[in-house]
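Okay, entry.csv now, which holds CSV, C-alpha atoms:
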```
chain,number,residue,atom,x,y,z
A,1,MET,CA,-157.4,15.5,147.4
A,2,PRO,CA,-154.5,14.0,149.3
A,3,GLU,CA,-155.7,10.4,148.6
A,4,ILE,CA,-155.2,10.9,144.9
A,5,SER,CA,-151.6,11.7,145.5
A,6,ASP,CA,-151.4,8.6,147.7
A,7,LYS,CA,-152.7,6.7,144.7
A,8,GLU,CA,-150.1,8.3,142.4
A,9,ARG,CA,-147.4,7.5,144.8
A,10,VAL,CA,-148.5,3.8,145.2
A,11,LEU,CA,-148.8,3.4,141.5
A,12,GLN,CA,-145.2,4.9,141.0
A,13,GLU,CA,-143.9,2.5,143.7
A,14,CYS,CA,-145.5,-0.4,141.8
A,15,LYS,CA,-144.0,0.8,138.5
A,16,ASP,CA,-140.6,1.1,140.2
A,17,TYR,CA,-141.0,-2.5,141.5
A,18,VAL,CA,-141.8,-3.8,138.1
A,19,ASN,CA,-139.1,-1.9,136.4
A,20,GLN,CA,-136.6,-3.4,138.8
A,21,ARG,CA,-137.9,-6.9,137.9
A,22,ILE,CA,-137.5,-6.0,134.2
A,23,THR,CA,-133.9,-4.9,134.8
A,24,THR,CA,-133.0,-8.0,136.9
A,25,ALA,CA,-134.5,-10.4,134.3
A,26,THR,CA,-132.7,-8.6,131.4
A,27,GLN,CA,-129.4,-8.7,133.2
A,28,ALA,CA,-129.9,-12.4,134.0
A,29,MET,CA,-130.6,-13.2,130.3
A,30,ASP,CA,-127.5,-11.3,129.3
A,31,GLN,CA,-125.4,-13.0,131.9
A,32,ALA,CA,-126.6,-16.5,130.8
A,33,GLN,CA,-125.9,-15.7,127.2
A,34,ARG,CA,-122.4,-14.5,128.0
A,35,ALA,CA,-121.8,-17.6,130.1
A,36,ALA,CA,-123.0,-19.8,127.2
A,37,ASN,CA,-120.7,-18.0,124.8
A,38,GLU,CA,-117.7,-18.4,127.2
A,39,GLU,CA,-118.5,-22.1,127.7
A,40,GLY,CA,-118.1,-22.5,124.0
A,41,LYS,CA,-114.6,-21.0,124.1
A,42,ASN,CA,-113.4,-22.9,127.1
A,43,SER,CA,-114.8,-26.5,126.6
A,44,ALA,CA,-115.1,-29.3,124.2
A,45,GLY,CA,-117.3,-32.4,123.8
A,46,ASP,CA,-120.1,-33.4,126.1
A,47,LYS,CA,-119.1,-30.9,128.8
A,48,TYR,CA,-119.5,-28.1,126.3
A,49,GLU,CA,-123.0,-29.3,125.3
A,50,THR,CA,-124.1,-29.7,128.9
A,51,GLY,CA,-122.8,-26.3,129.9
A,52,ARG,CA,-124.5,-24.6,127.0
A,53,ALA,CA,-127.8,-26.5,127.7
A,54,MET,CA,-127.7,-25.3,131.3
A,55,MET,CA,-127.1,-21.7,130.3
A,56,GLN,CA,-129.9,-21.9,127.8
A,57,ILE,CA,-132.2,-23.1,130.6
A,58,GLU,CA,-131.2,-20.2,132.7
A,59,ARG,CA,-131.7,-17.8,129.8
A,60,ASP,CA,-135.2,-19.2,129.1
A,61,LYS,CA,-136.1,-18.9,132.8
A,62,ALA,CA,-135.0,-15.2,132.8
A,63,ALA,CA,-136.9,-14.7,129.5
A,64,ARG,CA,-140.1,-16.0,131.2
A,65,GLN,CA,-139.5,-13.7,134.2
A,66,LEU,CA,-139.0,-10.7,131.8
A,67,ASP,CA,-142.2,-11.6,129.9
A,68,GLU,CA,-144.2,-11.7,133.2
A,69,ALA,CA,-142.7,-8.4,134.3
A,70,LEU,CA,-143.6,-6.8,131.0
A,71,LYS,CA,-147.2,-8.0,131.4
A,72,LEU,CA,-147.3,-6.4,134.9
A,73,ARG,CA,-146.0,-3.2,133.4
A,74,ASP,CA,-148.8,-3.3,130.8
A,75,VAL,CA,-151.4,-3.6,133.5
A,76,LEU,CA,-149.9,-0.7,135.4
A,77,ASP,CA,-149.8,1.4,132.3
A,78,ARG,CA,-153.6,1.0,131.9
A,79,ILE,CA,-154.2,2.6,135.3
A,80,ASN,CA,-155.1,6.3,135.3
A,81,PRO,CA,-154.5,7.5,138.9
A,82,GLY,CA,-156.7,10.6,138.4
A,83,ILE,CA,-159.9,8.5,137.9
A,84,ARG,CA,-162.1,8.1,141.0
A,85,HIS,CA,-164.0,4.8,140.9
A,86,GLU,CA,-167.6,4.4,142.0
A,87,LYS,CA,-167.1,0.6,142.3
A,88,VAL,CA,-163.9,-1.3,143.1
A,89,SER,CA,-162.1,-2.1,139.8
A,90,LEU,CA,-158.6,-2.2,138.4
A,91,GLY,CA,-156.8,0.9,139.6
A,92,SER,CA,-159.0,1.6,142.6
A,93,LEU,CA,-157.5,2.7,145.9
A,94,VAL,CA,-159.8,1.2,148.5
A,95,ILE,CA,-159.8,2.8,151.9
A,96,THR,CA,-161.3,0.5,154.5
A,97,ALA,CA,-161.7,0.8,158.3
A,98,SER,CA,-158.5,-1.1,158.8
A,99,ARG,CA,-156.3,-0.8,155.7
A,100,LYS,CA,-155.6,0.8,152.3
A,101,ILE,CA,-155.7,-1.6,149.3
A,102,PHE,CA,-154.6,-0.7,145.8
A,103,VAL,CA,-156.1,-3.0,143.2
A,104,SER,CA,-153.5,-3.4,140.4
A,105,ILE,CA,-151.0,-6.2,140.5
A,106,GLY,CA,-150.1,-8.8,143.1
A,107,ILE,CA,-147.2,-7.4,145.1
A,108,GLY,CA,-148.5,-7.7,148.7
A,109,LYS,CA,-147.7,-5.1,151.4
A,110,LEU,CA,-145.9,-2.1,150.2
A,111,MET,CA,-144.7,0.8,152.4
A,112,VAL,CA,-145.1,4.2,150.8
A,113,ASN,CA,-144.2,7.3,152.8
A,114,GLY,CA,-144.3,5.4,156.0
A,115,GLU,CA,-147.8,4.0,155.4
A,116,ASP,CA,-148.8,0.4,154.5
A,117,PHE,CA,-150.7,-0.3,151.4
A,118,TRP,CA,-151.9,-3.7,150.3
A,119,VAL,CA,-151.3,-4.1,146.5
A,120,VAL,CA,-153.4,-6.9,145.1
A,121,GLY,CA,-154.5,-8.1,141.7
A,122,PRO,CA,-158.2,-8.1,140.8
A,123,ALA,CA,-158.1,-11.9,140.5
A,124,SER,CA,-156.4,-12.4,143.8
A,125,PRO,CA,-158.4,-13.8,146.8
A,126,LEU,CA,-158.8,-10.3,148.3
A,127,GLY,CA,-159.2,-8.5,145.0
A,128,SER,CA,-162.0,-10.8,143.9
A,129,VAL,CA,-163.9,-10.1,147.1
A,130,LEU,CA,-163.6,-6.4,146.6
A,131,ILE,CA,-164.3,-6.1,142.8
A,132,GLY,CA,-167.6,-4.4,142.3
A,133,LEU,CA,-168.2,-3.2,145.8
A,134,LYS,CA,-169.0,0.4,146.6
A,135,ASP,CA,-168.5,2.9,149.4
A,136,ASN,CA,-169.9,1.7,152.7
A,137,ASP,CA,-170.1,-1.9,151.6
A,138,ALA,CA,-169.1,-4.4,154.2
A,139,PHE,CA,-167.1,-7.5,153.3
A,140,THR,CA,-165.4,-10.5,155.0
A,141,PHE,CA,-162.0,-11.8,154.1
A,142,ASN,CA,-160.0,-14.4,156.0
A,143,ASN,CA,-162.8,-14.5,158.7
A,144,SER,CA,-162.3,-10.8,159.3
A,145,SER,CA,-165.0,-8.2,158.6
A,146,ASP,CA,-164.2,-4.8,157.2
A,147,THR,CA,-166.1,-1.9,155.6
A,148,ILE,CA,-165.1,0.2,152.6
A,149,ILE,CA,-165.0,3.9,153.7
A,150,ARG,CA,-164.0,5.3,150.3
A,151,ILE,CA,-162.9,4.2,146.8
A,152,LEU,CA,-160.6,6.4,144.8
```
Output the file's structure as structure tokens, nothing else.
Amino acid sequence: MPEISDKERVLQECKDYVNQRITTATQAMDQAQRAANEEGKNSAGDKYETGRAMMQIERDKAARQLDEALKLRDVLDRINPGIRHEKVSLGSLVITASRKIFVSIGIGKLMVNGEDFWVVGPASPLGSVLIGLKDNDAFTFNNSSDTIIRIL
């Protein structure tokens, strides 16, 4: 089934996206820590404390971004691309009359092998409309009607 390989490719693109976010957040944390350490060597007094506090805020921000990205990776790790779903659920690739939608994490439109896929979380507005639907079910989203052709 070529659609299963589409599903595997989209899942891999999602993992690559999340891994890049993890790398970026980790690098930002390291950079903020280095900057805070350097601030301590180059400054004294109130300026030193202000600089260190600002670097700590940046480090905390990067740590939150890292935590969020790790949670996204956990969601993706729970998806088995070989499973064909009867109803739309986490990990479903939904083929409709007008688009392909991968229910996993909220990324938005993703181009994979020259083809557009909408990558949405199950709790997103579109995801929540789709959850539980089956092949041939019709749905309306943003005043636009569509029909599910197949769920993989």
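In terms of minimum interatomic distance to Gln31 in chain A, A:Gln56 ranks closest within A:Gln12, A:Thr96, A:Gln56, A:Asn142, counting all atoms listed in the file.
Counting all atoms listed in the file and comparing A:Ser144, A:Leu66, A:Met29, A:Gly127, the residue that lies closest to Leu93 in chain A is A:Gly127.
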*asked:* Applying 10 Å and all atoms listed in the file, which residues near Val103 in chain A remain after dropping the ones on its own chain fewer than 3 positions away? List them as a ChimeraX atom specification.
replied: /A:11,79,88-94,100,106,118-124,126-128,130-131
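Atom pair CA of Arg84 in chain A / CA of Arg9 in chain A: separated by 15.2 Å.
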*Identify which of the residues A:Gly132, A:Asp137, A:Phe117, A:Ala25 lies closest to Leu70 in chain A, counting only C-alpha atoms when measuring atom-to-atom distances.*
A:Ala25
*For CA of Ile151 in chain A and CA of Lys7 in chain A, quote the distance in Å rounded to one decimal.*
10.7 Å
Where's the centre, and what are the edge lengths in Å to one decimal, of a box along x, y and z enclosing all listed atoms of range 116-132 of chain A padded 6 Å per side, as AutoDock Vina command-line options?
```
--center_x -158.2 --center_y -6.7 --center_z 147.5 --size_x 30.8 --size_y 26.2 --size_z 26.0
```
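CA of Leu76 in chain A is positioned 6.7 Å from CA of Ser104 in chain A.
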Excluding same-chain residues fewer than 2 positions from Asp16 in chain A, what lies within 12 Å of it counting all atoms listed in the file, as a PDB file with C-alpha atoms, keeping the file's coordinate frame?
```pdb
ATOM      1  CA  ARG A   9    -147.400   7.500 144.800  1.00  0.00           C
ATOM      2  CA  VAL A  10    -148.500   3.800 145.200  1.00  0.00           C
ATOM      3  CA  LEU A  11    -148.800   3.400 141.500  1.00  0.00           C
ATOM      4  CA  GLN A  12    -145.200   4.900 141.000  1.00  0.00           C
ATOM      5  CA  GLU A  13    -143.900   2.500 143.700  1.00  0.00           C
ATOM      6  CA  CYS A  14    -145.500  -0.400 141.800  1.00  0.00           C
ATOM      7  CA  VAL A  18    -141.800  -3.800 138.100  1.00  0.00           C
ATOM      8  CA  ASN A  19    -139.100  -1.900 136.400  1.00  0.00           C
ATOM      9  CA  GLN A  20    -136.600  -3.400 138.800  1.00  0.00           C
ATOM     10  CA  ARG A  21    -137.900  -6.900 137.900  1.00  0.00           C
ATOM     11  CA  ILE A  22    -137.500  -6.000 134.200  1.00  0.00           C
ATOM     12  CA  THR A  23    -133.900  -4.900 134.800  1.00  0.00           C
ATOM     13  CA  ALA A  69    -142.700  -8.400 134.300  1.00  0.00           C
ATOM     14  CA  LEU A  72    -147.300  -6.400 134.900  1.00  0.00           C
ATOM     15  CA  ARG A  73    -146.000  -3.200 133.400  1.00  0.00           C
ATOM     16  CA  LEU A  76    -149.900  -0.700 135.400  1.00  0.00           C
ATOM     17  CA  ILE A 107    -147.200  -7.400 145.100  1.00  0.00           C
ATOM     18  CA  LEU A 110    -145.900  -2.100 150.200  1.00  0.00           C
ATOM     19  CA  VAL A 112    -145.100   4.200 150.800  1.00  0.00           C
TER      20      VAL A 112
END
```
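Using all atoms listed in the file, the nearest neighbour of Tyr17 in chain A within the list A:Leu152, A:Val129, A:Met55, A:Ile105 is A:Ile105.
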